[in-house]
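Enquirer: Provided below: model.cif, containing mmCIF, C-alpha atoms.
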```
data_coords
loop_
_atom_site.label_atom_id
_atom_site.label_comp_id
_atom_site.auth_asym_id
_atom_site.auth_seq_id
_atom_site.Cartn_x
_atom_site.Cartn_y
_atom_site.Cartn_z
CA MET A 1481 0.00 0.00 0.00
CA THR A 1482 1.41 3.40 -0.90
CA ARG A 1483 0.91 6.45 1.21
CA ASP A 1484 -2.15 7.41 -0.76
CA ARG A 1485 -4.28 10.10 0.73
CA GLY A 1486 -7.50 8.65 2.05
CA VAL A 1487 -6.63 4.95 1.73
CA GLU A 1488 -8.04 3.67 5.01
CA LYS A 1489 -9.72 0.51 6.21
CA PRO A 1490 -13.53 0.30 6.04
CA GLY A 1491 -15.25 1.50 9.15
CA MET A 1492 -12.17 3.27 10.52
CA VAL A 1493 -13.48 6.21 12.57
CA PRO A 1494 -10.55 5.87 13.40
CA PRO A 1495 -9.79 2.51 15.14
CA GLN A 1496 -8.11 2.49 18.52
CA PRO A 1497 -4.32 2.82 18.35
CA THR A 1498 -2.46 -0.42 18.91
CA GLU A 1499 -0.18 -1.09 21.83
CA GLU A 1500 2.88 -0.26 19.74
CA SER A 1501 1.69 3.30 19.07
CA GLN A 1502 1.26 3.86 22.79
CA THR A 1503 4.62 2.46 23.83
CA SER A 1504 6.85 3.35 20.85
CA LEU A 1505 7.70 6.85 19.76
CA LEU A 1506 6.17 7.86 16.43
CA PRO A 1507 6.49 11.22 14.67
CA PRO A 1508 3.83 13.78 15.58
CA GLY A 1509 0.45 13.08 13.99
CA TRP A 1510 1.13 9.36 13.30
CA GLN A 1511 -0.82 6.43 14.78
CA SER A 1512 -0.32 2.66 14.40
CA TYR A 1513 -3.21 0.23 13.66
CA LEU A 1514 -3.69 -3.43 12.79
CA SER A 1515 -5.53 -4.48 9.62
CA PRO A 1516 -8.20 -7.23 9.78
CA GLN A 1517 -5.48 -9.60 8.54
CA GLY A 1518 -3.27 -8.65 11.49
CA ARG A 1519 -0.79 -6.57 9.51
CA ARG A 1520 0.40 -3.32 11.07
CA TYR A 1521 -0.02 -0.05 9.21
CA TYR A 1522 0.40 3.62 10.02
CA VAL A 1523 -1.92 6.62 9.52
CA ASN A 1524 -1.12 10.32 9.63
CA THR A 1525 -4.18 11.75 11.38
CA THR A 1526 -3.46 15.18 9.95
CA THR A 1527 -3.10 14.33 6.26
CA ASN A 1528 -4.87 10.92 6.19
CA GLU A 1529 -1.68 9.52 4.66
CA THR A 1530 -1.46 5.71 5.03
CA THR A 1531 1.57 3.41 4.78
CA TRP A 1532 2.73 -0.06 5.73
CA GLU A 1533 6.20 1.32 6.59
CA ARG A 1534 6.90 2.71 10.04
CA PRO A 1535 7.42 6.51 9.70
CA ASN A 1536 10.83 7.75 10.83
CA GLY A 1537 10.11 11.40 11.33
CA SER A 1538 9.63 14.66 9.45
CA PRO A 1539 10.58 15.49 6.80
CA ARG A 1540 9.65 12.07 5.45
CA THR A 1541 12.19 10.01 3.61
CA PRO A 1542 11.48 6.62 2.12
CA SER A 1543 12.12 4.06 4.82
CA SER A 1544 12.10 1.05 2.57
CA PRO A 1545 15.42 -0.73 2.10
CA GLY A 1546 17.57 -0.12 -0.97
CA PRO A 1547 16.84 -1.69 -4.32
CA GLN A 1548 16.49 -5.43 -4.17
CA ARG A 1549 16.81 -8.14 -6.72
CA ASN A 1550 13.43 -9.37 -7.95
CA PHE A 1551 14.32 -12.91 -6.95
CA GLN A 1552 16.32 -13.41 -3.79
CA PRO A 1553 17.69 -16.96 -3.97
CA ALA A 1554 18.86 -18.61 -0.83
CA THR A 1555 20.19 -22.06 0.06
CA VAL A 1556 20.38 -24.31 -3.02
CA ASN A 1557 19.35 -22.53 -6.23
CA GLY A 1558 17.10 -20.16 -4.32
CA TYR A 1559 14.93 -22.78 -2.64
CA HIS A 1560 14.39 -24.37 0.72
CA SER A 1561 14.25 -28.13 0.67
CA SER A 1562 10.48 -27.82 0.26
CA GLY A 1563 10.97 -26.02 -3.06
CA THR A 1564 9.50 -22.70 -1.87
CA PRO A 1565 11.39 -19.46 -2.64
CA VAL A 1566 12.82 -17.67 0.35
CA HIS A 1567 10.82 -14.59 1.44
CA GLN A 1568 8.33 -14.57 -1.41
CA SER A 1569 6.96 -11.15 -0.52
CA GLU A 1570 10.43 -9.70 -0.99
CA ALA A 1571 11.64 -12.04 -3.70
CA VAL A 1572 9.16 -11.01 -6.36
CA HIS A 1573 7.97 -7.65 -5.08
CA MET A 1574 5.94 -5.52 -7.43
CA SER A 1575 5.66 -1.94 -6.23
CA LEU A 1576 2.44 0.00 -6.48
CA ARG A 1577 2.56 2.89 -8.90
CA LYS A 1578 0.43 5.65 -10.32
CA PRO A 1579 -1.70 4.94 -13.41
CA THR A 1580 0.70 7.18 -15.35
CA GLY A 1581 3.24 4.42 -15.24
CA ASP A 1582 5.43 5.75 -12.40
CA PHE A 1583 6.29 2.85 -10.09
CA GLN A 1584 6.59 3.55 -6.37
CA ASN A 1585 7.79 1.47 -3.46
CA PRO A 1586 5.69 1.03 -0.31
CA GLY A 1587 6.90 3.75 1.98
CA SER A 1588 7.33 6.24 -0.85
CA PRO A 1589 5.85 9.75 -0.75
CA SER A 1590 2.22 10.24 -1.71
CA PRO A 1591 1.23 9.59 -5.33
CA GLY A 1592 1.42 13.26 -6.17
CA LYS A 1593 5.18 13.23 -5.48
CA LYS A 1594 7.23 11.32 -8.03
CA GLN A 1595 10.36 9.59 -6.81
CA SER A 1596 13.64 10.70 -8.31
CA LYS A 1597 14.42 7.13 -9.39
CA GLU A 1598 12.17 4.15 -9.90
CA SER A 1599 13.11 0.92 -8.13
CA THR A 1600 11.36 -1.45 -10.55
CA LEU A 1601 10.09 -1.60 -14.08
CA THR A 1602 7.71 -4.04 -15.76
CA ILE A 1603 8.47 -5.47 -19.19
CA ASN A 1604 5.89 -7.73 -20.87
CA CYS A 1605 4.14 -8.18 -17.50
CA VAL A 1606 7.33 -9.29 -15.68
CA THR A 1607 8.68 -6.99 -12.97
CA PHE A 1608 12.45 -6.39 -12.82
CA PRO A 1609 14.62 -4.16 -10.62
CA HIS A 1610 15.36 -0.87 -12.34
CA PRO A 1611 18.86 -0.95 -13.87
CA ASP A 1612 19.62 2.58 -12.60
CA THR A 1613 18.95 1.75 -8.96
CA MET A 1614 19.64 -1.94 -8.44
CA PRO A 1615 22.96 -3.31 -7.15
CA GLU A 1616 24.73 -6.07 -9.06
CA GLN A 1617 22.62 -9.21 -8.80
CA GLN A 1618 24.01 -12.47 -7.50
CA LEU A 1619 23.56 -15.31 -9.98
CA LEU A 1620 21.92 -18.57 -8.94
CA LYS A 1621 24.95 -20.47 -10.28
CA PRO A 1622 27.69 -17.82 -10.35
CA THR A 1623 30.49 -20.18 -11.41
CA GLU A 1624 28.66 -21.41 -14.53
CA TRP A 1625 27.00 -19.97 -17.61
CA SER A 1626 23.80 -21.64 -16.54
CA TYR A 1627 20.46 -21.51 -18.36
CA CYS A 1628 18.74 -20.55 -15.10
CA ASP A 1629 20.56 -17.20 -14.90
CA TYR A 1630 20.48 -15.72 -18.40
CA PHE A 1631 17.02 -16.20 -19.92
CA TRP A 1632 14.58 -14.19 -17.79
CA ALA A 1633 13.92 -11.36 -20.21
CA ASP A 1634 12.29 -11.51 -23.64
CA LYS A 1635 14.35 -10.95 -26.77
CA LYS A 1636 13.41 -9.05 -29.89
CA ASP A 1637 12.40 -11.40 -32.67
CA PRO A 1638 14.92 -10.92 -35.52
CA GLN A 1639 12.30 -12.11 -38.02
CA GLY A 1640 9.50 -9.80 -36.90
CA ASN A 1641 8.42 -6.91 -34.71
CA GLY A 1642 7.48 -9.03 -31.73
CA THR A 1643 9.54 -10.62 -28.95
CA VAL A 1644 10.60 -14.14 -28.10
CA ALA A 1645 10.54 -15.35 -24.50
CA GLY A 1646 13.84 -16.44 -23.02
CA PHE A 1647 12.38 -19.87 -22.29
CA GLU A 1648 11.34 -20.19 -25.95
CA ILE A 1649 14.96 -19.64 -26.99
CA LEU A 1650 16.04 -22.46 -24.69
CA LEU A 1651 13.29 -24.68 -26.05
CA GLN A 1652 14.37 -24.02 -29.63
CA LYS A 1653 17.91 -24.96 -28.61
CA GLN A 1654 16.63 -28.32 -27.37
CA LEU A 1655 14.60 -28.98 -30.52
CA LYS A 1656 17.55 -27.98 -32.69
CA GLY A 1657 19.72 -30.42 -30.74
CA LYS A 1658 17.19 -33.18 -31.43
CA GLN A 1659 17.26 -32.29 -35.15
CA MET A 1660 21.08 -32.32 -35.20
CA GLN A 1661 21.04 -35.73 -33.55
CA LYS A 1662 18.63 -36.98 -36.23
CA GLU A 1663 20.79 -35.60 -39.02
CA MET A 1664 23.87 -37.27 -37.56
CA SER A 1665 21.99 -40.56 -37.60
CA GLU A 1666 21.08 -39.99 -41.25
CA PHE A 1667 24.73 -39.23 -42.02
CA ILE A 1668 25.82 -42.54 -40.49
CA ARG A 1669 23.08 -44.23 -42.52
CA GLU A 1670 24.66 -42.86 -45.70
CA ARG A 1671 28.05 -44.08 -44.47
CA ILE A 1672 26.56 -47.53 -44.00
CA LYS A 1673 25.19 -47.52 -47.54
CA ILE A 1674 28.65 -46.70 -48.87
CA GLU A 1675 30.14 -49.57 -46.87
CA GLU A 1676 27.48 -51.99 -48.07
CA GLU A 1677 27.92 -50.96 -51.69
CA TYR A 1678 31.70 -51.16 -51.35
CA ALA A 1679 31.48 -54.65 -49.84
CA LYS A 1680 29.16 -55.77 -52.63
CA ASN A 1681 31.54 -54.50 -55.30
CA LEU A 1682 34.54 -56.10 -53.62
CA ALA A 1683 32.77 -59.46 -53.44
CA LYS A 1684 31.80 -59.20 -57.09
CA LEU A 1685 35.32 -58.28 -58.15
CA SER A 1686 36.79 -61.18 -56.20
CA GLN A 1687 34.86 -63.53 -58.53
CA ASN A 1688 36.30 -61.94 -61.66
CA SER A 1689 38.15 -64.40 -63.91
CA LEU A 1690 40.71 -61.96 -65.22
CA ALA A 1691 44.29 -63.36 -65.10
CA ALA A 1692 42.93 -66.65 -63.76
CA GLN A 1693 45.35 -68.57 -65.94
CA GLU A 1694 48.46 -67.17 -64.28
CA GLU A 1695 50.69 -70.05 -63.15
CA GLY A 1696 53.31 -70.84 -60.60
CA SER A 1697 53.98 -68.98 -57.37
CA LEU A 1698 52.86 -65.74 -59.03
CA GLY A 1699 49.57 -67.40 -59.93
CA GLU A 1700 49.13 -68.42 -56.28
CA ALA A 1701 49.81 -64.83 -55.14
CA TRP A 1702 47.33 -63.50 -57.69
CA ALA A 1703 44.65 -65.93 -56.50
CA GLN A 1704 45.28 -64.72 -52.94
CA VAL A 1705 44.83 -61.11 -54.05
CA LYS A 1706 41.34 -61.95 -55.31
CA LYS A 1707 40.55 -63.94 -52.17
CA SER A 1708 41.63 -60.97 -50.03
CA LEU A 1709 38.97 -58.90 -51.76
CA ALA A 1710 36.30 -61.34 -50.63
CA ASP A 1711 37.70 -61.25 -47.07
CA GLU A 1712 37.77 -57.47 -47.15
CA ALA A 1713 34.16 -57.42 -48.37
CA GLU A 1714 33.20 -59.48 -45.32
CA VAL A 1715 35.02 -57.05 -43.05
CA HIS A 1716 33.15 -54.07 -44.49
CA LEU A 1717 29.81 -55.85 -44.20
CA LYS A 1718 30.48 -56.46 -40.51
CA PHE A 1719 31.55 -52.82 -40.13
CA SER A 1720 28.31 -51.58 -41.71
CA SER A 1721 26.26 -53.90 -39.51
CA LYS A 1722 27.96 -52.64 -36.34
CA LEU A 1723 27.57 -49.04 -37.49
CA HIS A 1724 23.83 -49.63 -37.73
CA SER A 1725 23.39 -51.33 -34.36
CA GLU A 1726 25.95 -49.40 -32.31
CA VAL A 1727 25.86 -45.90 -33.80
CA GLU A 1728 23.02 -45.13 -36.23
CA LYS A 1729 20.17 -46.80 -34.34
CA PRO A 1730 21.04 -45.38 -30.88
CA LEU A 1731 21.33 -41.88 -32.37
CA MET A 1732 17.97 -42.21 -34.11
CA ASN A 1733 16.10 -43.72 -31.16
CA PHE A 1734 17.51 -41.53 -28.38
CA ARG A 1735 14.53 -39.73 -26.78
CA GLU A 1736 11.92 -40.80 -29.30
CA ASN A 1737 9.21 -38.77 -27.51
CA PHE A 1738 11.42 -35.73 -26.95
CA LYS A 1739 9.40 -33.32 -29.11
CA LYS A 1740 6.18 -34.33 -27.38
CA ASP A 1741 7.78 -33.83 -23.97
CA MET A 1742 9.14 -30.43 -24.97
CA LYS A 1743 5.70 -29.40 -26.22
CA LYS A 1744 4.17 -30.23 -22.83
CA CYS A 1745 6.94 -28.28 -21.11
CA ASP A 1746 6.35 -25.31 -23.42
CA HIS A 1747 2.62 -25.30 -22.72
CA HIS A 1748 3.21 -25.46 -18.96
CA ILE A 1749 5.52 -22.43 -18.88
CA ALA A 1750 3.34 -20.55 -21.40
CA ASP A 1751 0.26 -21.10 -19.19
CA LEU A 1752 2.11 -19.67 -16.19
CA ARG A 1753 3.17 -16.66 -18.26
CA LYS A 1754 -0.43 -16.12 -19.41
CA GLN A 1755 -1.60 -16.27 -15.81
CA LEU A 1756 1.06 -13.70 -14.91
CA ALA A 1757 -0.17 -11.40 -17.70
CA SER A 1758 -3.74 -11.79 -16.45
CA ARG A 1759 -2.71 -10.89 -12.89
CA TYR A 1760 -0.84 -7.86 -14.18
CA ALA A 1761 -3.93 -6.70 -16.07
CA SER A 1762 -5.91 -7.00 -12.83
CA VAL A 1763 -3.31 -4.87 -11.04
CA GLU A 1764 -3.56 -2.15 -13.68
CA LYS A 1765 -7.35 -2.21 -13.50
CA ALA A 1766 -7.29 -1.99 -9.70
CA ARG A 1767 -4.72 0.79 -9.84
CA LYS A 1768 -6.94 2.80 -12.16
CA ALA A 1769 -9.92 2.26 -9.88
CA LEU A 1770 -7.92 3.45 -6.85
CA THR A 1771 -6.87 6.61 -8.68
CA GLU A 1772 -10.47 7.40 -9.55
CA ARG A 1773 -11.56 6.87 -5.93
CA GLN A 1774 -8.75 9.10 -4.69
CA LYS A 1775 -9.70 11.85 -7.11
CA ASP A 1776 -13.31 11.59 -5.96
CA LEU A 1777 -12.24 11.80 -2.31
CA GLU A 1778 -10.02 14.83 -2.96
CA MET A 1779 -12.82 16.59 -4.80
CA LYS A 1780 -15.27 16.03 -1.94
CA THR A 1781 -12.62 17.14 0.56
CA GLN A 1782 -12.20 20.40 -1.35
CA GLN A 1783 -15.97 20.87 -1.37
CA LEU A 1784 -16.00 20.46 2.41
CA GLU A 1785 -13.41 23.19 2.80
CA ILE A 1786 -15.59 25.54 0.78
CA LYS A 1787 -18.91 24.76 2.39
CA LEU A 1788 -19.41 22.70 5.53
CA SER A 1789 -22.53 20.57 5.61
CA ASN A 1790 -23.59 17.22 7.08
CA LYS A 1791 -24.25 15.89 3.58
CA THR A 1792 -20.72 16.71 2.44
CA GLU A 1793 -19.22 15.03 5.52
CA GLU A 1794 -21.28 11.91 4.83
CA ASP A 1795 -20.14 11.92 1.21
CA ILE A 1796 -16.54 12.18 2.35
CA LYS A 1797 -16.94 9.20 4.69
CA LYS A 1798 -18.49 7.19 1.85
CA ALA A 1799 -15.74 8.24 -0.56
CA ARG A 1800 -13.10 7.36 2.02
CA ARG A 1801 -14.56 3.88 2.47
CA LYS A 1802 -14.57 3.36 -1.29
CA SER A 1803 -10.99 4.63 -1.52
CA THR A 1804 -9.94 2.27 1.26
CA GLN A 1805 -11.67 -0.64 -0.47
CA ALA A 1806 -9.97 0.24 -3.76
CA GLY A 1807 -6.62 0.32 -1.96
CA ASP A 1808 -7.31 -3.10 -0.44
CA ASP A 1809 -8.33 -4.45 -3.84
CA LEU A 1810 -5.10 -3.16 -5.34
CA MET A 1811 -3.03 -4.76 -2.60
CA ARG A 1812 -4.87 -8.05 -3.13
CA CYS A 1813 -4.24 -7.89 -6.89
CA VAL A 1814 -0.57 -7.11 -6.34
CA ASP A 1815 -0.29 -10.03 -3.92
CA LEU A 1816 -1.88 -12.38 -6.47
CA TYR A 1817 0.46 -11.01 -9.14
CA ASN A 1818 3.49 -11.61 -6.94
CA GLN A 1819 2.31 -15.15 -6.21
CA ALA A 1820 1.90 -15.82 -9.94
CA GLN A 1821 5.33 -14.37 -10.70
CA SER A 1822 6.86 -16.40 -7.86
CA LYS A 1823 5.29 -19.59 -9.25
CA TRP A 1824 6.54 -18.75 -12.75
CA PHE A 1825 10.00 -18.07 -11.32
CA GLU A 1826 10.08 -21.41 -9.50
CA GLU A 1827 9.03 -23.34 -12.59
CA MET A 1828 11.48 -21.42 -14.79
CA VAL A 1829 14.40 -22.28 -12.52
CA THR A 1830 13.39 -25.92 -12.23
CA THR A 1831 12.66 -26.33 -15.95
CA THR A 1832 15.73 -24.49 -17.24
CA LEU A 1833 17.98 -26.57 -15.02
CA GLU A 1834 16.30 -29.69 -16.40
CA LEU A 1835 16.83 -28.47 -19.98
CA GLU A 1836 20.45 -27.84 -19.10
CA ARG A 1837 20.79 -31.39 -17.78
CA LEU A 1838 19.15 -32.81 -20.90
CA GLU A 1839 21.52 -30.90 -23.17
CA VAL A 1840 24.57 -32.17 -21.28
CA GLU A 1841 23.16 -35.69 -21.51
CA ARG A 1842 22.53 -35.33 -25.27
CA VAL A 1843 26.04 -34.07 -26.01
CA GLU A 1844 27.61 -36.82 -23.92
CA MET A 1845 25.50 -39.49 -25.63
CA ILE A 1846 26.54 -38.29 -29.10
CA ARG A 1847 30.18 -38.04 -28.05
CA GLN A 1848 30.17 -41.64 -26.82
CA HIS A 1849 28.63 -42.98 -30.02
CA LEU A 1850 31.00 -41.03 -32.23
CA CYS A 1851 33.85 -42.51 -30.19
CA GLN A 1852 32.32 -45.90 -30.91
CA TYR A 1853 32.36 -45.03 -34.62
CA THR A 1854 36.07 -44.23 -34.54
CA GLN A 1855 36.75 -47.42 -32.59
CA LEU A 1856 34.90 -49.50 -35.18
CA ARG A 1857 36.78 -47.68 -37.89
CA HIS A 1858 40.13 -48.58 -36.32
CA GLU A 1859 39.02 -52.20 -35.98
CA THR A 1860 38.01 -52.27 -39.64
CA ASP A 1861 41.41 -50.94 -40.68
CA MET A 1862 43.05 -53.63 -38.57
CA PHE A 1863 40.94 -56.41 -40.11
CA ASN A 1864 41.55 -55.04 -43.59
CA GLN A 1865 45.26 -55.20 -42.93
CA SER A 1866 44.93 -58.82 -41.91
CA THR A 1867 43.30 -59.69 -45.24
CA VAL A 1868 46.37 -58.59 -47.21
CA GLU A 1869 48.97 -60.21 -44.97
CA PRO A 1870 48.65 -63.60 -46.77
CA VAL A 1871 49.14 -61.78 -50.06
CA ASP A 1872 52.34 -60.22 -48.73
CA GLN A 1873 53.59 -63.60 -47.63
CA LEU A 1874 52.97 -65.22 -51.03
CA LEU A 1875 54.45 -62.28 -52.91
CA ARG A 1876 57.67 -62.68 -50.93
CA LYS A 1877 57.79 -66.33 -52.06
CA VAL A 1878 57.43 -65.61 -55.76
CA ASP A 1879 60.48 -67.17 -57.49
CA PRO A 1880 60.70 -66.63 -61.27
CA ALA A 1881 63.41 -69.33 -61.65
CA LYS A 1882 61.38 -71.92 -59.79
CA ASP A 1883 58.28 -71.00 -61.76
CA ARG A 1884 60.26 -71.39 -65.01
CA GLU A 1885 61.54 -74.79 -63.94
CA LEU A 1886 58.10 -76.08 -63.14
CA TRP A 1887 56.63 -74.69 -66.28
CA VAL A 1888 59.40 -76.12 -68.49
CA LYS A 1889 59.08 -79.56 -66.94
CA GLU A 1890 55.38 -79.53 -67.60
CA HIS A 1891 55.47 -78.15 -71.09
CA LYS A 1892 58.87 -79.23 -72.54
CA THR A 1893 58.95 -80.71 -76.05
CA GLY A 1894 62.48 -82.07 -76.07
CA ASP A 1895 65.94 -81.28 -74.86
CA ILE A 1896 67.93 -82.32 -78.03
CA ARG A 1897 69.20 -79.30 -79.82
CA PRO A 1898 69.29 -79.19 -83.61
CA VAL A 1899 72.66 -79.64 -85.48
CA ASP A 1900 74.05 -78.67 -88.88
CA MET A 1901 72.93 -80.63 -91.87
CA GLU A 1902 75.62 -82.78 -93.57
CA ILE A 1903 76.08 -83.24 -97.35
#
```
How does this structure look as structure tokens?
Expert:
Amino acid sequence: MTRDRGVEKPGMVPPQPTEESQTSLLPPGWQSYLSPQGRRYYVNTTTNETTWERPNGSPRTPSSPGPQRNFQPATVNGYHSSGTPVHQSEAVHMSLRKPTGDFQNPGSPSPGKKQSKESTLTINCVTFPHPDTMPEQQLLKPTEWSYCDYFWADKKDPQGNGTVAGFEILLQKQLKGKQMQKEMSEFIRERIKIEEEYAKNLAKLSQNSLAAQEEGSLGEAWAQVKKSLADEAEVHLKFSSKLHSEVEKPLMNFRENFKKDMKKCDHHIADLRKQLASRYASVEKARKALTERQKDLEMKTQQLEIKLSNKTEEDIKKARRKSTQAGDDLMRCVDLYNQAQSKWFEEMVTTTLELERLEVERVEMIRQHLCQYTQLRHETDMFNQSTVEPVDQLLRKVDPAKDRELWVKEHKTGDIRPVDMEI
């Protein structure tokens, strides 16, 4: 509640001062009362100025503490073990302001006096500390570039005139990661096709009859060359099979329902944001109503100063009750807004940390399977080398002289040389 002139509790004529006002020193003209909810507030009996903050004396200076961070995390990531933010009323405090758009803190001067600096500002229905007055904020995870610290504000849409929520940017990152994972799987699928086609061609070539009639030790080496092609074809078939089962398939099937899960997550956060926007609209409506009631009360007060009458006094009492009710309605709307923003904050922290965990898990999964690819590739190279080792051995045994001897023995026609003819 701001120190708005005439914002008093219904039926206050005025109520009896509380024990505190009788035992504690207050500035002249100030009295302390308890609201029906048990909350203490203070009234200046001279000016009808009302505030939740204890007055410190005259001239008045704002007694509220210095600028605070919207969200005051404590313990682990800003939560108690129960998951509730610490000091919710302070953690997501939205100050009351004039309908003109000037925000004020509780304990600020009356609405007619604008503060030199605003302590908060609201962007797209989310309330932030004003950059000109706030101290440097402490991050929830100061040693990391964590999702939960850097995506609270909305960002201008580069493809349009609108804005994109910070959470939407994180969500698009997740969906892009899923698409990249799918494309990697398709890439491995193409690699498998190449291996399968290569193995098929090697097997076919190994059955080719070219140079089949080569003889001797060289003929044996040549036959081994063709056999090595068949062995190599088998190696590449096994490589393609392992690529499918150990790399391509895991990449394709990882988080099959991921898009559906992300869609549910998106709807959940979007619903909380819509609720926050609705609460903010209620605050603005209640603020406007309070301003109208205050103007009505001021007008009737001025009429009383001009001409005193019982009717005017009764109108003032009625206007004061309506002004008080409007002030209470505004406080209720602000409280509901702060609760909605606190709930959105809790879910944002929890969800962004989960998205962060999922991204780490995705990257690690892909890294492991790509390592498996390189391992299979090394194994394939090793097996391929083993297929040519018999060829090397036979090639080292090729002996042209021995081959000639064997061939001559098999194909000789006679060892008697011709002689000169005699007359």
Enquirer: What is the distance between CA of His1849 (chain A) and CA of Val1727 (chain A), in Å to one decimal?
Expert: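 Computed distance, CA of His1849 (chain A) to CA of Val1727 (chain A), equals 5.5 Å.
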Enquirer: How many Å separate CA of Pro1638 (chain A) from CA of Leu1752 (chain A)?
Expert: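 Between CA of Pro1638 (chain A) and CA of Leu1752 (chain A) the gap works out to 24.8 Å.
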Enquirer: Enumerate, as an NGL selection string, the residues matched when the PyMOL selection byres ((chain A and resi 1746) around 12) is run on the file above.
Expert: :A and (1645-1652 or 1654-1655 or 1739-1745 or 1747-1753 or 1827-1828 or 1831-1832 or 1835)
Enquirer: How would the residues just picked look written out with C-alpha atoms as a CSV table (one decimal), keeping the file's coordinate frame?
Expert:
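Final file, selection18.csv:
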```csv
chain,number,residue,atom,x,y,z
A,1645,ALA,CA,10.5,-15.4,-24.5
A,1646,GLY,CA,13.8,-16.4,-23.0
A,1647,PHE,CA,12.4,-19.9,-22.3
A,1648,GLU,CA,11.3,-20.2,-26.0
A,1649,ILE,CA,15.0,-19.6,-27.0
A,1650,LEU,CA,16.0,-22.5,-24.7
A,1651,LEU,CA,13.3,-24.7,-26.0
A,1652,GLN,CA,14.4,-24.0,-29.6
A,1654,GLN,CA,16.6,-28.3,-27.4
A,1655,LEU,CA,14.6,-29.0,-30.5
A,1739,LYS,CA,9.4,-33.3,-29.1
A,1740,LYS,CA,6.2,-34.3,-27.4
A,1741,ASP,CA,7.8,-33.8,-24.0
A,1742,MET,CA,9.1,-30.4,-25.0
A,1743,LYS,CA,5.7,-29.4,-26.2
A,1744,LYS,CA,4.2,-30.2,-22.8
A,1745,CYS,CA,6.9,-28.3,-21.1
A,1747,HIS,CA,2.6,-25.3,-22.7
A,1748,HIS,CA,3.2,-25.5,-19.0
A,1749,ILE,CA,5.5,-22.4,-18.9
A,1750,ALA,CA,3.3,-20.6,-21.4
A,1751,ASP,CA,0.3,-21.1,-19.2
A,1752,LEU,CA,2.1,-19.7,-16.2
A,1753,ARG,CA,3.2,-16.7,-18.3
A,1827,GLU,CA,9.0,-23.3,-12.6
A,1828,MET,CA,11.5,-21.4,-14.8
A,1831,THR,CA,12.7,-26.3,-16.0
A,1832,THR,CA,15.7,-24.5,-17.2
A,1835,LEU,CA,16.8,-28.5,-20.0
```
Enquirer: Give as a CSV table (one decimal) with C-alpha atoms, in the coordinates of the input the set of residues within 12 Å of the point (43.2, -59.7, -62.3), where distances use the file's coordinates and all atoms listed in the file.
Expert:
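Writing the result to result.csv gives the following:
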```
chain,number,residue,atom,x,y,z
A,1685,LEU,CA,35.3,-58.3,-58.2
A,1686,SER,CA,36.8,-61.2,-56.2
A,1687,GLN,CA,34.9,-63.5,-58.5
A,1688,ASN,CA,36.3,-61.9,-61.7
A,1689,SER,CA,38.2,-64.4,-63.9
A,1690,LEU,CA,40.7,-62.0,-65.2
A,1691,ALA,CA,44.3,-63.4,-65.1
A,1692,ALA,CA,42.9,-66.6,-63.8
A,1693,GLN,CA,45.4,-68.6,-65.9
A,1694,GLU,CA,48.5,-67.2,-64.3
A,1698,LEU,CA,52.9,-65.7,-59.0
A,1699,GLY,CA,49.6,-67.4,-59.9
A,1701,ALA,CA,49.8,-64.8,-55.1
A,1702,TRP,CA,47.3,-63.5,-57.7
A,1703,ALA,CA,44.6,-65.9,-56.5
A,1704,GLN,CA,45.3,-64.7,-52.9
A,1705,VAL,CA,44.8,-61.1,-54.0
A,1706,LYS,CA,41.3,-62.0,-55.3
A,1707,LYS,CA,40.6,-63.9,-52.2
A,1709,LEU,CA,39.0,-58.9,-51.8
```
Enquirer: As an exercise, work out the distance from CA of Ala1766 (chain A) to CA of Gly1642 (chain A) in Å and give it to one decimal place.
Expert: 27.4 Å
Enquirer: Find the residue from A:Asn1681, A:Ser1866, A:Asn1604, A:Gln1852 that sits nearest to Leu1717 (chain A); use all atoms listed in the file when measuring.
Expert: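 Among A:Asn1681, A:Ser1866, A:Asn1604, A:Gln1852, it is A:Asn1681 that comes nearest to Leu1717 (chain A).
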Enquirer: Measuring between only C-alpha atoms, which one of A:Asp1900, A:Glu1700, A:Glu1598, A:Asp1795 shows the shortest distance to Gln1873 (chain A)?
Expert: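 Closest residue, counting only C-alpha atoms: A:Glu1700.
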Enquirer: Of the candidates A:Met1901, A:Ala1799, A:Ile1672, A:Cys1813, which shows the shortest atom-to-atom distance to Arg1767 (chain A), using only C-alpha atoms?
Expert: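 Once distances to Arg1767 (chain A) are computed over only C-alpha atoms, the minimum belongs to A:Cys1813.
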Enquirer: Evaluating the PyMOL selection byres ((chain A and resi 1622-1626) around 12) on the displayed file yields which residues, as a compact mmCIF listing (two decimals) with C-alpha atoms, in the frame of the given file?
Expert:
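Saved the output as out_39.txt:
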```txt
# COMPACT_ATOMS: atom_id res chain seq x y z
CA PRO A 1553 17.69 -16.96 -3.97
CA ASN A 1557 19.35 -22.53 -6.23
CA GLN A 1617 22.62 -9.21 -8.80
CA GLN A 1618 24.01 -12.47 -7.50
CA LEU A 1619 23.56 -15.31 -9.98
CA LEU A 1620 21.92 -18.57 -8.94
CA LYS A 1621 24.95 -20.47 -10.28
CA TYR A 1627 20.46 -21.51 -18.36
CA CYS A 1628 18.74 -20.55 -15.10
CA ASP A 1629 20.56 -17.20 -14.90
CA TYR A 1630 20.48 -15.72 -18.40
CA PHE A 1631 17.02 -16.20 -19.92
CA TRP A 1632 14.58 -14.19 -17.79
CA LEU A 1650 16.04 -22.46 -24.69
CA VAL A 1829 14.40 -22.28 -12.52
CA THR A 1832 15.73 -24.49 -17.24
CA LEU A 1833 17.98 -26.57 -15.02
CA GLU A 1834 16.30 -29.69 -16.40
CA LEU A 1835 16.83 -28.47 -19.98
CA GLU A 1836 20.45 -27.84 -19.10
CA ARG A 1837 20.79 -31.39 -17.78
CA GLU A 1839 21.52 -30.90 -23.17
CA VAL A 1840 24.57 -32.17 -21.28
```
